[in-house]
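Engineer: Data: input_0.txt, compact mmCIF, C-alpha atoms and all ligand atoms.
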```txt
# COMPACT_ATOMS: atom_id res chain seq x y z
CA MET A 1 126.79 -73.29 28.32
CA ILE A 2 124.75 -76.21 27.13
CA PHE A 3 122.04 -74.87 24.93
CA ASP A 4 121.28 -76.26 21.52
CA ILE A 5 120.07 -73.32 19.49
CA HIS A 6 119.25 -75.48 16.47
CA SER A 7 117.00 -77.74 18.50
CA TRP A 8 115.34 -74.71 20.01
CA ILE A 9 114.67 -73.21 16.56
CA THR A 10 113.25 -76.47 15.23
CA ALA A 11 111.07 -76.91 18.31
CA SER A 12 109.83 -73.31 18.18
CA ASN A 13 108.82 -73.59 14.54
CA LEU A 14 107.18 -76.96 15.12
CA ALA A 15 105.21 -75.60 18.06
CA HIS A 16 103.83 -72.78 15.90
CA GLN A 17 103.25 -74.58 12.62
CA HIS A 18 99.46 -74.61 13.13
CA SER A 19 99.35 -70.81 13.18
CA ARG A 20 101.93 -70.23 10.46
CA HIS A 21 100.83 -68.13 7.49
CA SER A 22 102.41 -68.73 4.11
CA CYS A 23 104.20 -65.73 2.63
CA SER A 24 102.54 -66.61 -0.67
CA GLN A 25 99.75 -64.34 0.53
CA LEU A 26 102.18 -61.43 0.14
CA GLY A 27 102.59 -62.23 -3.53
CA THR A 28 100.43 -59.34 -4.70
CA HIS A 29 102.92 -56.94 -3.15
CA PHE A 30 106.19 -58.81 -3.49
CA THR A 31 106.01 -60.57 -6.85
CA GLY A 32 109.11 -59.64 -8.81
CA PHE A 33 111.09 -58.92 -5.64
CA PHE A 34 111.13 -62.47 -4.30
CA SER A 35 110.79 -65.73 -6.20
CA ALA A 36 107.53 -67.68 -5.99
CA GLU A 37 109.52 -70.53 -4.43
CA LEU A 38 110.63 -68.29 -1.60
CA LEU A 39 107.18 -66.83 -0.99
CA ASN A 40 105.70 -70.34 -0.98
CA SER A 41 108.25 -71.78 1.42
CA ALA A 42 108.63 -68.89 3.87
CA GLY A 43 106.02 -68.19 6.52
CA PHE A 44 105.19 -65.95 9.43
CA VAL A 45 103.54 -66.34 12.80
CA ILE A 46 101.78 -63.59 14.73
CA VAL A 47 102.64 -63.65 18.42
CA ASP A 48 102.14 -61.31 21.36
CA GLU A 49 105.55 -62.35 22.68
CA LEU A 50 108.46 -63.16 20.41
CA PRO A 51 110.06 -66.55 20.92
CA SER A 52 113.31 -66.20 22.82
CA PRO A 53 115.94 -68.58 24.10
CA PRO A 54 116.33 -68.53 27.88
CA MET A 55 117.41 -65.05 28.97
CA ASP A 56 120.71 -66.21 30.47
CA VAL A 57 121.62 -67.73 27.09
CA VAL A 58 120.64 -64.53 25.28
CA MET A 59 122.84 -62.48 27.57
CA GLN A 60 125.77 -64.88 27.29
CA LEU A 61 125.52 -64.59 23.51
CA GLY A 62 125.56 -60.80 23.83
CA LEU A 63 122.18 -60.49 22.13
CA GLY A 64 120.26 -58.59 24.76
CA GLN A 65 119.69 -55.68 22.39
CA LEU A 66 117.85 -57.92 19.92
CA LEU A 67 115.19 -58.88 22.38
CA SER A 68 114.37 -55.48 23.75
CA PRO A 69 110.69 -54.69 24.30
CA ASN A 70 110.88 -52.58 21.12
CA ALA A 71 111.65 -55.55 18.89
CA VAL A 72 108.77 -56.28 16.54
CA GLY A 73 109.99 -59.52 15.02
CA ILE A 74 112.51 -62.33 14.92
CA ASN A 75 113.59 -64.79 12.21
CA LEU A 76 113.96 -68.47 12.88
CA ASP A 77 115.10 -70.11 9.66
CA ASP A 78 112.28 -70.01 7.07
CA THR A 79 109.78 -68.63 9.56
CA TYR A 80 109.58 -65.21 11.13
CA TYR A 81 107.60 -64.08 14.11
CA LEU A 82 105.86 -60.74 14.28
CA LYS A 83 104.08 -58.81 16.96
CA PRO A 84 100.52 -57.86 15.92
CA LYS A 85 101.39 -54.20 15.38
CA ALA A 86 103.95 -55.12 12.71
CA VAL A 87 101.78 -57.49 10.68
CA GLY A 88 100.33 -54.73 8.51
CA GLN A 89 103.72 -53.22 7.71
CA LEU A 90 104.87 -54.51 4.34
CA ARG A 91 108.35 -53.14 4.86
CA VAL A 92 108.79 -55.35 7.93
CA HIS A 93 107.74 -58.43 5.95
CA PHE A 94 110.13 -57.39 3.20
CA HIS A 95 113.00 -57.04 5.67
CA LYS A 96 112.24 -60.40 7.25
CA LEU A 97 112.15 -62.13 3.87
CA VAL A 98 115.63 -60.82 3.16
CA HIS A 99 116.75 -62.52 6.36
CA VAL A 100 115.10 -65.76 5.20
CA LEU A 101 117.23 -65.53 2.06
CA GLN A 102 120.32 -64.95 4.18
CA TRP A 103 119.58 -68.09 6.19
CA GLN A 104 119.28 -69.97 2.88
CA ALA A 105 122.46 -68.48 1.43
CA LEU A 106 124.62 -69.24 4.44
CA GLY A 107 122.85 -72.22 6.00
CA PRO A 108 121.41 -72.05 9.53
CA GLY A 109 124.62 -72.77 11.46
CA PRO A 110 126.87 -70.28 9.66
CA PHE A 111 124.09 -67.69 9.56
CA ILE A 112 123.59 -67.79 13.33
CA LYS A 113 127.32 -67.68 13.97
CA ARG A 114 127.92 -64.78 11.61
CA TYR A 115 124.87 -62.84 12.74
CA ILE A 116 125.78 -63.08 16.40
CA SER A 117 129.41 -62.11 15.83
CA GLU A 118 128.36 -59.14 13.68
CA VAL A 119 125.90 -57.85 16.26
CA ILE A 120 128.55 -58.11 18.97
CA LYS A 121 131.15 -56.40 16.81
CA TYR A 122 129.08 -53.68 15.13
CA GLY A 123 125.88 -53.42 17.12
CA TYR A 124 122.48 -54.47 15.83
CA ARG A 125 121.77 -51.74 13.31
CA GLN A 126 125.25 -51.61 11.80
CA ALA A 127 125.69 -55.37 11.51
CA PRO A 128 126.37 -56.04 7.80
CA LEU A 129 123.59 -58.63 7.55
CA GLU A 130 121.20 -56.00 8.94
CA GLU A 131 122.60 -53.32 6.64
CA GLN A 132 121.73 -55.60 3.71
CA ALA A 133 118.20 -56.18 4.98
CA TYR A 134 117.61 -52.48 5.70
CA GLY A 135 119.11 -51.53 2.34
CA PHE A 136 116.70 -53.74 0.40
CA GLU A 137 113.84 -52.64 2.63
CA GLU A 138 114.55 -48.96 1.89
CA ARG A 139 114.76 -49.65 -1.82
CA PHE A 140 111.38 -51.37 -1.71
CA VAL A 141 109.81 -48.53 0.27
CA ALA A 142 111.23 -45.93 -2.13
CA ASP A 143 109.36 -47.54 -5.03
CA PRO A 144 107.20 -50.58 -4.25
CA ARG A 145 106.11 -50.74 -7.88
CA ASP A 146 109.56 -51.14 -9.34
CA PRO A 147 110.51 -54.75 -8.58
CA PHE A 148 114.11 -55.93 -8.50
CA LEU A 149 114.53 -59.65 -7.98
CA ILE A 150 116.52 -60.45 -4.86
CA LEU A 151 118.45 -63.70 -4.91
CA ALA A 152 119.89 -65.38 -1.84
CA LYS A 153 123.46 -64.78 -2.98
CA ASP A 154 122.82 -61.04 -3.19
CA THR A 155 121.82 -60.76 0.45
CA ILE A 156 125.08 -61.70 2.16
ZN ZN B 201 116.79 -57.42 10.57
```
Translate this structure into structure tokens?
Ligand SMILES: [Zn+2]
Structural biologist:
Amino acid sequence: MIFDIHSWITASNLAHQHSRHSCSQLGTHFTGFFSAELLNSAGFVIVDELPSPPMDVVMQLGLGQLLSPNAVGINLDDTYYLKPKAVGQLRVHFHKLVHVLQWQALGPGPFIKRYISEVIKYGYRQAPLEEQAYGFEERFVADPRDPFLILAKDTI
């Protein structure tokens, strides 16, 4: 299999940079949960169809379940992609920002490797990196007005 996932991620983000929204606009909701640096550097793109590597690559990686029609978003490094119906859901943004921190904590290569192996081993929802993201998301939803600062090292 010759597919350079890093090049694909870089190219995808480059192709969408004109429509990328800064997560700083989420500051009113997320200040105290995420650092200003993170909110300033992370961004999201609204797309009708989520970016996806070629389907044969996805299947070879064992990631078919991630790209089901039900998926509402995908993270590519410091940028996440959302379907329009998810844009108004703060909890989805929150979850995605935790993944941005995970990419930062591990670095893109190790993050991708670990994420893929976890999904294959545990399934999407039980993958430890997902458990972390869902855990923080639930804590935010339980009390959005009680901030707890999340650092990259706490997300892995
Ligand atoms: Zn997730």
Engineer: Can you tell me which residues sit at most 9 Å away from ligand ZN 201 (chain B), counting all atoms listed in the file, written as a list of chain:residue names?
Structural biologist: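 Within the 9 Å cut-off, the matching residues are A:Gly73, A:Ile74, A:Asn75, A:Val92, A:His95, A:Lys96, A:Val98, A:His99, A:Tyr124, A:Arg125, A:Leu129, A:Glu130, A:Glu131, A:Gln132, A:Ala133, A:Tyr134.
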Engineer: Quick one, how far is atom CA of A:His18 from atom CA of A:Gly64?
Structural biologist: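 Straight-line distance from atom CA of A:His18 to atom CA of A:Gly64 works out to 28.7 Å.
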Engineer: Which residue gives the smallest distance to A:Val47 among A:Leu82, A:Ser22, A:Leu76, A:Leu63, with only C-alpha atoms counted?
Structural biologist: A:Leu82
Engineer: Pick out the residues sitting within 9 Å of A:Asp154, and hand them over as a VMD selection string; count all atoms listed in the file, and ignore anything fewer than 6 positions along from it in its own chain.
Structural biologist: chain A and resid 101 to 102 105 132
Engineer: Would you mind telling me which residue in A:Ala71, A:Ile120, A:Val57, A:Val45 lies nearest to A:Trp8 when using all atoms listed in the file?
Structural biologist: A:Val57
Engineer: Quick one: residues within 12 Å of stretch 48-53 of chain A, only C-alpha atoms, excluding same-chain residues fewer than 2 positions away - as an NGL selection string?
Structural biologist: :A and (3-13 or 15-16 or 44-46 or 55-61 or 63-64 or 66-76 or 79-87)
Engineer: Figure out the distance between atom CA of A:Pro110 and atom CA of A:Ile156, please, to one decimal in Å.
Structural biologist: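 Interatomic distance, atom CA of A:Ile156 to atom CA of A:Pro110: 11.5 Å.
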Engineer: One number please: atom CA of A:Glu118 to atom CA of A:Glu137, in Å, one decimal.
Structural biologist: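 These two atoms are separated by 19.4 Å.
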Engineer: Between A:Ala152, A:Leu14, A:Ala36, A:Ala142, which has the minimum distance to A:Arg91 (counting all atoms listed in the file)?
Structural biologist: A:Ala142
Engineer: Grab all the atoms of stretch 125-131 of chain A that the file lists, wrap them in a box along x, y and z, add 6 Å per side, and give me centre plus edge lengths in Å (one decimal) as lines of an AutoDock Vina configuration file.
Structural biologist:
```
center_x = 123.8
center_y = -55.1
center_z = 10.0
size_x = 17.2
size_y = 19.0
size_z = 18.7
```
Engineer: Near stretch 32-35 of chain A, counting only C-alpha atoms, which residues have an atom at most 10 Å away, once you skip same-chain residues fewer than 4 positions from it, shown as number ranges by chain?
Structural biologist: A: 24, 27-28, 39-40, 94, 97-98, 101, 136, 140, 144-152
Engineer: With all atoms listed in the file as the atoms that count, which of A:Leu106, A:Leu26, A:Val141, A:Ile112 lies nearest to A:Gly88?
Structural biologist: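 That would be A:Leu26, the residue with the smallest distance to A:Gly88.
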Engineer: Under the rule that only C-alpha atoms are counted, which of A:Thr155, A:Gln126, A:Gln89, A:Gln65 is the nearest residue to A:Phe111?
Structural biologist: A:Thr155
Engineer: Counting all atoms listed in the file, which of A:Gly62, A:Asp78, A:Gly123, A:Phe30 gets nearest to A:Gln17?
Structural biologist: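 Going through A:Gly62, A:Asp78, A:Gly123, A:Phe30 one by one, the smallest distance to A:Gln17 is for A:Asp78.
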Engineer: Please, can stretch 129-140 of chain A be completed to all heavy atoms and returned as a compact mmCIF listing (two decimals), keeping the file's coordinate frame?
Structural biologist:
```txt
# COMPACT_ATOMS: atom_id res chain seq x y z
N LEU A 129 124.79 -57.90 7.98
CA LEU A 129 123.59 -58.63 7.55
C LEU A 129 122.33 -57.77 7.74
O LEU A 129 121.38 -57.87 6.96
CB LEU A 129 123.46 -59.95 8.31
CG LEU A 129 124.47 -61.04 7.91
CD1 LEU A 129 124.46 -62.20 8.92
CD2 LEU A 129 124.18 -61.58 6.50
N GLU A 130 122.33 -56.92 8.76
CA GLU A 130 121.20 -56.00 8.94
C GLU A 130 121.26 -54.86 7.93
O GLU A 130 120.23 -54.45 7.39
CB GLU A 130 121.20 -55.42 10.36
CG GLU A 130 120.68 -56.35 11.44
CD GLU A 130 119.23 -56.81 11.22
OE1 GLU A 130 118.50 -56.19 10.42
OE2 GLU A 130 118.85 -57.81 11.82
N GLU A 131 122.47 -54.38 7.64
CA GLU A 131 122.60 -53.32 6.64
C GLU A 131 122.01 -53.78 5.31
O GLU A 131 121.34 -53.02 4.61
CB GLU A 131 124.08 -52.94 6.45
CG GLU A 131 124.68 -52.18 7.62
CD GLU A 131 124.25 -50.71 7.63
OE1 GLU A 131 123.50 -50.30 6.73
OE2 GLU A 131 124.67 -49.99 8.55
N GLN A 132 122.29 -55.04 4.95
CA GLN A 132 121.73 -55.60 3.71
C GLN A 132 120.20 -55.58 3.77
O GLN A 132 119.54 -55.15 2.83
CB GLN A 132 122.20 -57.05 3.54
CG GLN A 132 123.63 -57.18 3.10
CD GLN A 132 123.79 -56.90 1.60
OE1 GLN A 132 122.82 -56.56 0.92
NE2 GLN A 132 125.00 -57.03 1.10
N ALA A 133 119.65 -56.08 4.87
CA ALA A 133 118.20 -56.18 4.98
C ALA A 133 117.56 -54.78 4.96
O ALA A 133 116.55 -54.56 4.27
CB ALA A 133 117.81 -56.94 6.25
N TYR A 134 118.15 -53.85 5.69
CA TYR A 134 117.61 -52.48 5.70
C TYR A 134 117.78 -51.81 4.34
O TYR A 134 116.91 -51.05 3.90
CB TYR A 134 118.27 -51.64 6.79
CG TYR A 134 117.65 -51.87 8.16
CD1 TYR A 134 118.32 -52.59 9.14
CD2 TYR A 134 116.38 -51.37 8.47
CE1 TYR A 134 117.75 -52.82 10.38
CE2 TYR A 134 115.80 -51.59 9.71
CZ TYR A 134 116.49 -52.32 10.66
OH TYR A 134 115.91 -52.55 11.89
N GLY A 135 118.88 -52.11 3.66
CA GLY A 135 119.11 -51.53 2.34
C GLY A 135 118.03 -51.96 1.35
O GLY A 135 117.44 -51.13 0.64
N PHE A 136 117.74 -53.25 1.30
CA PHE A 136 116.70 -53.74 0.40
C PHE A 136 115.33 -53.20 0.81
O PHE A 136 114.51 -52.84 -0.03
CB PHE A 136 116.68 -55.28 0.39
CG PHE A 136 117.79 -55.90 -0.40
CD1 PHE A 136 118.67 -56.80 0.19
CD2 PHE A 136 117.96 -55.61 -1.75
CE1 PHE A 136 119.69 -57.40 -0.53
CE2 PHE A 136 118.98 -56.19 -2.49
CZ PHE A 136 119.84 -57.09 -1.88
N GLU A 137 115.11 -53.16 2.11
CA GLU A 137 113.84 -52.64 2.63
C GLU A 137 113.62 -51.19 2.16
O GLU A 137 112.55 -50.83 1.67
CB GLU A 137 113.84 -52.72 4.16
CG GLU A 137 112.63 -52.08 4.82
CD GLU A 137 112.80 -51.94 6.35
OE1 GLU A 137 113.58 -52.72 6.94
OE2 GLU A 137 112.15 -51.06 6.93
N GLU A 138 114.66 -50.37 2.29
CA GLU A 138 114.55 -48.96 1.89
C GLU A 138 114.28 -48.83 0.39
O GLU A 138 113.50 -47.99 -0.05
CB GLU A 138 115.84 -48.20 2.24
CG GLU A 138 116.11 -48.05 3.74
CD GLU A 138 115.02 -47.27 4.47
OE1 GLU A 138 114.27 -46.52 3.83
OE2 GLU A 138 114.92 -47.45 5.70
N ARG A 139 114.95 -49.70 -0.38
CA ARG A 139 114.76 -49.65 -1.82
C ARG A 139 113.33 -50.02 -2.19
O ARG A 139 112.73 -49.43 -3.09
CB ARG A 139 115.75 -50.62 -2.48
CG ARG A 139 116.24 -50.13 -3.82
CD ARG A 139 117.33 -51.06 -4.33
NE ARG A 139 117.06 -51.38 -5.72
CZ ARG A 139 117.73 -52.30 -6.40
NH1 ARG A 139 118.70 -52.98 -5.82
NH2 ARG A 139 117.45 -52.54 -7.66
N PHE A 140 112.77 -50.99 -1.48
CA PHE A 140 111.38 -51.37 -1.71
C PHE A 140 110.44 -50.22 -1.35
O PHE A 140 109.54 -49.87 -2.11
CB PHE A 140 111.04 -52.60 -0.87
CG PHE A 140 109.56 -52.87 -0.75
CD1 PHE A 140 108.83 -53.33 -1.84
CD2 PHE A 140 108.90 -52.65 0.46
CE1 PHE A 140 107.46 -53.56 -1.73
CE2 PHE A 140 107.53 -52.87 0.57
CZ PHE A 140 106.81 -53.33 -0.53
```
